[in-house]
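Structure first, then comments.
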Amino acid sequence: MFNDTIAAIATAMGEAGIGIIRLSGGEAISIADQVFRAKNRKKLANQGGFTVRYGKIVDSEENVIDEALAVIMRGPHSYTGENVVELQCHGGVVVMRKILDLVLSLGARLAEPGEFTKRAFLNGRLDLSQAEAVIDIIRSKTDRSLDLAVQQLEGSLSRRIQSIRESLYDLVVQVNAVIDFPEDDIPEIDSENMLAVLTTAIDEITKLIDTADNGKVLREGIKTVITGKPNVGKSSLLNRLLDENRALVTDIPGTTRDTIEEVLNINGIPFRLVDTAGIRHSADRIEQLGVERAMEFINEADLILHVLDISRELEEEDKQLLAQLAGRKRLLVINKTDLPRQWDGQAYLIEKGYIDQSVPAVEISLTGDSLDPLLEQIVGLVMEGLVQIERENAIITRSRHKQALVEAKADLQQAMETFNQELPLDLISIGLHGALEHLGEITGETVRENIIDRIFAQFCIGK
Amino acid sequence: MGKEYAVIVVGGGHAGCEAALAAARLGCKTLLITMNLDTIAQMSCNPAIGGPAAKSHLVREIDALGGQMAKVIDQTYLNIRMLNLSRGPAVHALRAQADKVKYRAVMTKTLESELNLSVRQGVVTKILVDDGVVYGVQLKTGTKTTSDTVILATGTFLRGEVVIGPVRYPGGRQGEPSAEELSQSLIGSGLKLSRFQTATPPRVHADSVDYEKLTCQRGSDTPLRFSFDTPLVAREQIPCWYTRTTPDTIKVIRENIHLSPIQTGAIQTKGPRYCPSIDRKVLRFPDKTDHQIFLEPEGEYTKELYCLGLTTSMPEEIQLKILRSIPGLEQAEIMRTGYAVEYDYILPDQVYPTLESKLIQGLFTAGQINGTSGYEEAAAQGLIAGINAAHKVKGNPSLILSRSQAYIGVLIDDLVTKGTEEPYRMMTSRAEYRLILRQDNADLRLREIGYKVGLIDEARYQKLVTKKQAIQDTLQWLQQVQVSPTAEVRDYLIQLGSGDLKKAVTLHEILQRPEVQFRDLCFFASLPELDPEVIEQVEIECKFKGYIERQLKQIEQFNKLEGIAIPEDIDYHQIQGLRTEARERLTAIKPASLGQAARISGVSPADINVLLVVLKGDRQHVSA
């Protein structure tokens, strides 16, 4: 945990024009050399400290991923006091993640929150008086990511991991029971069952890892549609969301040209915003088609922001939309509270039976009020799992989780190999144990105690 | 003023014996006080040493470090077997049935013969403490004896209560009085106590058993032994017997379950999950009707048979009914009734990994008083407490074994870091690196430590050095010898049931094949004359190389955090950035290293990072 090489995306996701992948540690330069091809064809290892090289980032098959600058700082004359390489790319989030995954696959470990700063301190690069600041960084970032981790766990990822873990537990518990209590009546291990469990678990984990490779969340985000009749403030909402969340217009593969889609980042959660107004404009010659398209998008959306105008009486179109959207994941944005009210907000809608009590709403004046209550509501909906990410049940968004899954898979493959070679049971259990420990890293549980508890719960043991 | 003794050990059970011997052998004037000189090293429960779930590992580790248990059982076993042979080298388990009368006798004589060690009968009622430092003990007779350190190894005797059916009376063991006053003295000194319970089955008369209906279980034909110093010789052995409960047994238990102390509420304290009473087994697994019962002879000079699997504290007459429902036991005569015993133990988070009390300097605790269960677990702690008490007196550094070095390390670390919810028993599942912590290599892991501590003499140490060298030389030799895929070689390998050979390889690679054993290599080269134990190590090192190397790598990672010591005087309340829960747990546990801190429940990875920064800051501060 001290001398290994760590890596992370050093710029906030989706927030900057360029992105920086930072590597620090003994292997930083040699790892960078494996992904970076300098224009002058020289290896970074042969460059001095404080040099900058222009070149390309390539994957293991020498496919170009992005153009980049490589900045080399040799320890102890670097921020962390170790060898540091910064790869500065233009890429959007997808490209950045790809590069990060690449350096992680070459032996770097994903940095913990605040770890670069921590290393700087531990290597004497920061003053003693800064220790507290370092602690704050560790504290605040970790707590925030911890919160997010917990939230994520409540979602579908944990359910999928849970089912993999349960099947592995059954196996490990039986293996350990047989090993530790050979004289008790523990049923012998069923080889076919073991093979089946291992195969299924490896497949399942592979699928989860693939979701991370696809970067689905980051590429597609939470598909969000702003809707409402004309002139209620849809564009204002869109523009303010984009302005204030420093949205980054990216090339999103597979998106069509005739819609306006933006990716924005709210508290680290990527949203893909579709403005149905845009559809109308682009298809205004055939109005009907536009409306159909709009409905199509609404049907595919993970989250609908339905804008209403409180300064005008509700019209048929409003009511129709409210009815159409019944049962969908939506947030009512009741706009123009700065003007005289013509109806009494959410309570009125409930009273009239247009919505039921469960539909969240926020009142706002998009021309003046802070967006914070609105954003809070949106994030809250995602965190509570009320809004889920489309199609895929579980998606790995964290490199840390992905790494844990990759290691769990390697352990299971080893167990499988051991099994195939007909080596003793104890050796198979090493791989099984390891896999459970790694899955436990994602869910934060103590595997060893659980195994022991389960042995006693499942088998009649004892003299 | 000089004290009368350097070390006083209270209790003559398995923990007390090891503690007293270790302290005395390390040159400390030592006194062992026991309530009864005739029950030193008594096996209160089953007459066996070692066995699976890492018990045999513990015995070998004790031996490697210079303890006594392995040597005594080697002299006194009735039969001995190696279990788990097919499961992998890390979990092979040696178990011996003990002649418990002889075991007691040999251990007693060993204690009585030890220089520096006095053995005396007496009941300790008080520990003498002055200003947080222990200075001796007081006996029931009023006599005060002073010492630099005190090791408490009281087993089940602290306010022990025997429970049989509706009956409950004071007793440390069936037929022996309890130690009533000492608990009060410990509480008065600020220690927190709690209660556990354990139980034992009835013993029957060997002549009342119908052996025709039992299955015989013999010992191993190949010579086996626990101690690395015992010569390998086969001995005549006395078998065990095996039977099973019947649906009738279950019926008897069901019909009388309302009389079971676990149902009547007579027993409310936690007992060990791995030794459930037969009543509990029937309650928890109602569909299972045939539970295994082993009948174990208790010794050459007694007709008592231990009924393993029938632990119960049901009323006496029900115990007899249960027994007589079992094939072979229809006419069984009970000699001793099964019973449960409840006793005081101290919450083990009040103890340092050295087994010294955090509250009272110089006071050590070992065995059941620390919340464990089992002879081997007790002996292991006794040994460590004895060594550390002696080292404290002599001003030498303490011995703390790491989780990556020994099951003893896992045992003590679990106890002092996590505490225990039930009487703690070792299991291989508790260890992270069990492929490294094998029972076959306990000497390679720990003898050098025993030598440095001072319990392993020069001759035995040289034996170890020679063995290590032979293993290393042989492995190197195997790497050097090349084998070409000639027709004869290929035939030979196929004949061994192994695969074909396509290109030239080393002998090392040949030996890695599961079907090939070391002796099979004589086909390729003339083999050096080697001790069977050297060959065993060579085969394991070679065949499981990949797995072993992987665990060694994990250990390397693990040791980084273990290597960062936390100063004893650290004030967690002064550290910004720790969460309140972490502060409280760290203050209570007082971890010795960052690694230990990380294992405390309620301490998060972020807290560890905060500590890392603070510790580094301190060092900078000091050096500035």
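Residues in the structure tokens are named by chain (A, B, ... in the order shown) and by number from 1 within that chain; ligands are numbered from 1 in the order shown.
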Next on the checklist: I need the residues in segment 6-58 of chain A that are strand (DSSP E or B) according to DSSP; give them as a VMD selection string.
Outcome noted: chain A and resid 6 to 9 19 to 24 36 to 38 51 to 58
Store the residues of this selection in a file with C-alpha atoms, as an mmCIF file, in the first residue's frame.
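Output saved as out_22.cif:
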data_model
loop_
_atom_site.group_PDB
_atom_site.id
_atom_site.type_symbol
_atom_site.label_atom_id
_atom_site.label_comp_id
_atom_site.auth_asym_id
_atom_site.auth_seq_id
_atom_site.Cartn_x
_atom_site.Cartn_y
_atom_site.Cartn_z
ATOM 1 C CA ILE A 6 -1.378 4.285 -8.164
ATOM 2 C CA ALA A 7 -3.408 5.937 -10.888
ATOM 3 C CA ALA A 8 -6.506 8.047 -11.136
ATOM 4 C CA ILE A 9 -8.256 10.544 -13.300
ATOM 5 C CA GLY A 19 -8.484 15.310 -18.865
ATOM 6 C CA ILE A 20 -5.465 14.202 -16.882
ATOM 7 C CA ILE A 21 -4.629 10.646 -15.852
ATOM 8 C CA ARG A 22 -2.073 10.778 -13.085
ATOM 9 C CA LEU A 23 0.253 7.917 -12.185
ATOM 10 C CA SER A 24 2.508 7.873 -9.154
ATOM 11 C CA PHE A 36 2.234 6.177 -24.615
ATOM 12 C CA ARG A 37 3.922 6.426 -28.022
ATOM 13 C CA ALA A 38 5.937 9.653 -28.224
ATOM 14 C CA THR A 51 9.845 17.019 -19.480
ATOM 15 C CA VAL A 52 6.787 17.072 -21.641
ATOM 16 C CA ARG A 53 6.339 14.841 -24.669
ATOM 17 C CA TYR A 54 3.685 14.859 -27.327
ATOM 18 C CA GLY A 55 2.345 11.594 -28.660
ATOM 19 C CA LYS A 56 -0.489 9.109 -28.712
ATOM 20 C CA ILE A 57 -2.103 6.772 -26.227
ATOM 21 C CA VAL A 58 -2.440 3.259 -27.610
#
Nearest to Ala565 of chain B, restricted to only C-alpha atoms and choosing among B:Pro247, B:Gly577, B:Gly172, B:Pro591, comes out as B:Pro591
Within 6 Å of chain A, which residues belong to chain B? Use only C-alpha atoms and report them as an mmCIF file with C-alpha atoms, in the first residue's frame.
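As written to disk, out23.cif reads:
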data_model
loop_
_atom_site.group_PDB
_atom_site.id
_atom_site.type_symbol
_atom_site.label_atom_id
_atom_site.label_comp_id
_atom_site.auth_asym_id
_atom_site.auth_seq_id
_atom_site.Cartn_x
_atom_site.Cartn_y
_atom_site.Cartn_z
ATOM 1 C CA PRO B 52 -8.726 -31.132 12.865
ATOM 2 C CA ALA B 53 -9.734 -27.484 12.864
ATOM 3 C CA ARG B 87 -7.822 -32.624 1.616
ATOM 4 C CA GLY B 88 -4.488 -30.934 1.131
ATOM 5 C CA TYR B 274 -18.885 -26.647 17.934
ATOM 6 C CA CYS B 275 -19.619 -28.721 21.027
ATOM 7 C CA PRO B 276 -23.397 -28.545 21.217
ATOM 8 C CA LEU B 308 -18.116 -38.334 22.531
ATOM 9 C CA GLY B 309 -21.186 -36.848 20.848
ATOM 10 C CA VAL B 610 -5.832 9.215 9.181
#
Using only C-alpha atoms, the best pick from B:Gly12, B:Pro423, B:Gly362, B:Gly409 as closest to Val393 of chain B would be B:Gly362
- Have a look at A:Arg312, A:Lys223, A:His401, A:Arg240 and name the one nearest to Arg330 of chain A; count only C-alpha atoms.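 Once distances to Arg330 of chain A are computed over only C-alpha atoms, the minimum belongs to A:Lys223.
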(request) Would you please extract all alpha helix (DSSP H) residues from segment 45-97 of chain B, as assigned by DSSP on the backbone, and give them as a ChimeraX atom specification? (result) /B:55-65,69-76
Please produce an output containing N, CA and C atoms for each residue in the selection, written as a PDB file, in the first residue's frame.
ATOM      1  N   LYS B  55      -6.299 -27.802  15.553  1.00  0.00           N
ATOM      2  CA  LYS B  55      -5.825 -28.153  16.892  1.00  0.00           C
ATOM      3  C   LYS B  55      -4.458 -28.826  16.822  1.00  0.00           C
ATOM      4  N   SER B  56      -4.279 -29.692  15.828  1.00  0.00           N
ATOM      5  CA  SER B  56      -2.969 -30.330  15.722  1.00  0.00           C
ATOM      6  C   SER B  56      -1.913 -29.302  15.335  1.00  0.00           C
ATOM      7  N   HIS B  57      -2.338 -28.295  14.581  1.00  0.00           N
ATOM      8  CA  HIS B  57      -1.403 -27.232  14.222  1.00  0.00           C
ATOM      9  C   HIS B  57      -0.910 -26.514  15.474  1.00  0.00           C
ATOM     10  N   LEU B  58      -1.860 -26.249  16.383  1.00  0.00           N
ATOM     11  CA  LEU B  58      -1.484 -25.550  17.615  1.00  0.00           C
ATOM     12  C   LEU B  58      -0.480 -26.372  18.421  1.00  0.00           C
ATOM     13  N   VAL B  59      -0.730 -27.688  18.520  1.00  0.00           N
ATOM     14  CA  VAL B  59       0.176 -28.527  19.307  1.00  0.00           C
ATOM     15  C   VAL B  59       1.582 -28.487  18.722  1.00  0.00           C
ATOM     16  N   ARG B  60       1.661 -28.573  17.405  1.00  0.00           N
ATOM     17  CA  ARG B  60       2.974 -28.545  16.760  1.00  0.00           C
ATOM     18  C   ARG B  60       3.653 -27.185  16.916  1.00  0.00           C
ATOM     19  N   GLU B  61       2.858 -26.134  16.873  1.00  0.00           N
ATOM     20  CA  GLU B  61       3.442 -24.803  17.059  1.00  0.00           C
ATOM     21  C   GLU B  61       3.988 -24.651  18.481  1.00  0.00           C
ATOM     22  N   ILE B  62       3.232 -25.192  19.438  1.00  0.00           N
ATOM     23  CA  ILE B  62       3.695 -25.155  20.828  1.00  0.00           C
ATOM     24  C   ILE B  62       5.037 -25.881  20.924  1.00  0.00           C
ATOM     25  N   ASP B  63       5.111 -27.018  20.240  1.00  0.00           N
ATOM     26  CA  ASP B  63       6.349 -27.799  20.282  1.00  0.00           C
ATOM     27  C   ASP B  63       7.500 -27.050  19.611  1.00  0.00           C
ATOM     28  N   ALA B  64       7.185 -26.440  18.475  1.00  0.00           N
ATOM     29  CA  ALA B  64       8.233 -25.735  17.742  1.00  0.00           C
ATOM     30  C   ALA B  64       8.817 -24.616  18.588  1.00  0.00           C
ATOM     31  N   LEU B  65       7.979 -24.008  19.415  1.00  0.00           N
ATOM     32  CA  LEU B  65       8.435 -22.887  20.236  1.00  0.00           C
ATOM     33  C   LEU B  65       9.107 -23.341  21.539  1.00  0.00           C
ATOM     34  N   MET B  69       3.358 -29.740  25.606  1.00  0.00           N
ATOM     35  CA  MET B  69       2.197 -30.576  25.322  1.00  0.00           C
ATOM     36  C   MET B  69       2.488 -31.732  24.364  1.00  0.00           C
ATOM     37  N   ALA B  70       3.159 -31.444  23.243  1.00  0.00           N
ATOM     38  CA  ALA B  70       3.418 -32.462  22.226  1.00  0.00           C
ATOM     39  C   ALA B  70       4.243 -33.612  22.799  1.00  0.00           C
ATOM     40  N   LYS B  71       5.222 -33.262  23.603  1.00  0.00           N
ATOM     41  CA  LYS B  71       6.103 -34.293  24.148  1.00  0.00           C
ATOM     42  C   LYS B  71       5.342 -35.212  25.097  1.00  0.00           C
ATOM     43  N   VAL B  72       4.459 -34.632  25.900  1.00  0.00           N
ATOM     44  CA  VAL B  72       3.716 -35.445  26.866  1.00  0.00           C
ATOM     45  C   VAL B  72       2.725 -36.359  26.141  1.00  0.00           C
ATOM     46  N   ILE B  73       2.015 -35.834  25.161  1.00  0.00           N
ATOM     47  CA  ILE B  73       1.043 -36.701  24.474  1.00  0.00           C
ATOM     48  C   ILE B  73       1.762 -37.798  23.695  1.00  0.00           C
ATOM     49  N   ASP B  74       2.929 -37.498  23.141  1.00  0.00           N
ATOM     50  CA  ASP B  74       3.684 -38.540  22.437  1.00  0.00           C
ATOM     51  C   ASP B  74       4.029 -39.712  23.361  1.00  0.00           C
ATOM     52  N   GLN B  75       4.236 -39.413  24.639  1.00  0.00           N
ATOM     53  CA  GLN B  75       4.564 -40.488  25.580  1.00  0.00           C
ATOM     54  C   GLN B  75       3.335 -41.198  26.098  1.00  0.00           C
ATOM     55  N   THR B  76       2.167 -40.593  25.946  1.00  0.00           N
ATOM     56  CA  THR B  76       1.010 -41.116  26.680  1.00  0.00           C
ATOM     57  C   THR B  76      -0.204 -41.441  25.808  1.00  0.00           C
TER      58      THR B  76
END
Find the residues near Ala48 of chain B: any atom within 10 Å, counting only C-alpha atoms, skip ones fewer than 4 places away on the same chain, and give them as a VMD selection string. chain B and resid 43 73 77 to 80 95 to 100 296 to 298 375
Fewer than 5 positions away in the same chain doesn't count, so skip those; otherwise give me all residues within 6 Å of segment 427-437 of chain B, counting only C-alpha atoms, as a count of residues only. 4
Write out as a JSON list (two decimals) with C-alpha atoms, in the first residue's frame which residues come within 7 Å of Glu515 of chain B when counting only C-alpha atoms, dropping same-chain ones fewer than 2 positions away.
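The new file part.json reads:
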[["chain", "number", "residue", "atom", "x", "y", "z"],
["B", 496, "LEU", "CA", 3.15, -43.61, -13.50],
["B", 497, "GLY", "CA", -0.21, -42.49, -14.83],
["B", 498, "SER", "CA", 1.16, -39.08, -15.76],
["B", 513, "ARG", "CA", 2.98, -33.41, -11.72],
["B", 517, "GLN", "CA", 6.25, -38.60, -6.02]]
With distances taken over only C-alpha atoms, which of B:Leu612, B:Leu31, B:Ala15, B:Ala598 is nearest to Asn370 of chain B?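 The shortest atom-to-atom distance to Asn370 of chain B comes from B:Ala15.
One finds atom CA of Gly345 of chain A at 18.0 Å from atom CA of Ile304 of chain A.
Here the question is which of B:Lys288, B:Arg25, B:Arg425, B:Arg460 gets nearest to Ile387 of chain B using only C-alpha atoms, and that residue is B:Arg25.
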Separating atom CA of Gln361 of chain B from atom CA of Val133 of chain B, to the nearest tenth of an Å, is a gap of 4.6 Å
Write out as a ChimeraX atom specification the residues lying within 8 Å of segment 146-157 of chain B, counting only C-alpha atoms and excluding same-chain residues fewer than 4 positions away. /B:3-13,15-16,19,134-137,171-173,177-179,341-344,362-369,382,385-386,389,393
| field | 10 Å contact set for segment 314-319 of chain A, only C-alpha atoms, chain neighbours under 6 positions out, as number ranges by chain | value | A: 228-230, 306-308, 325, 342-343, 349, 354-355
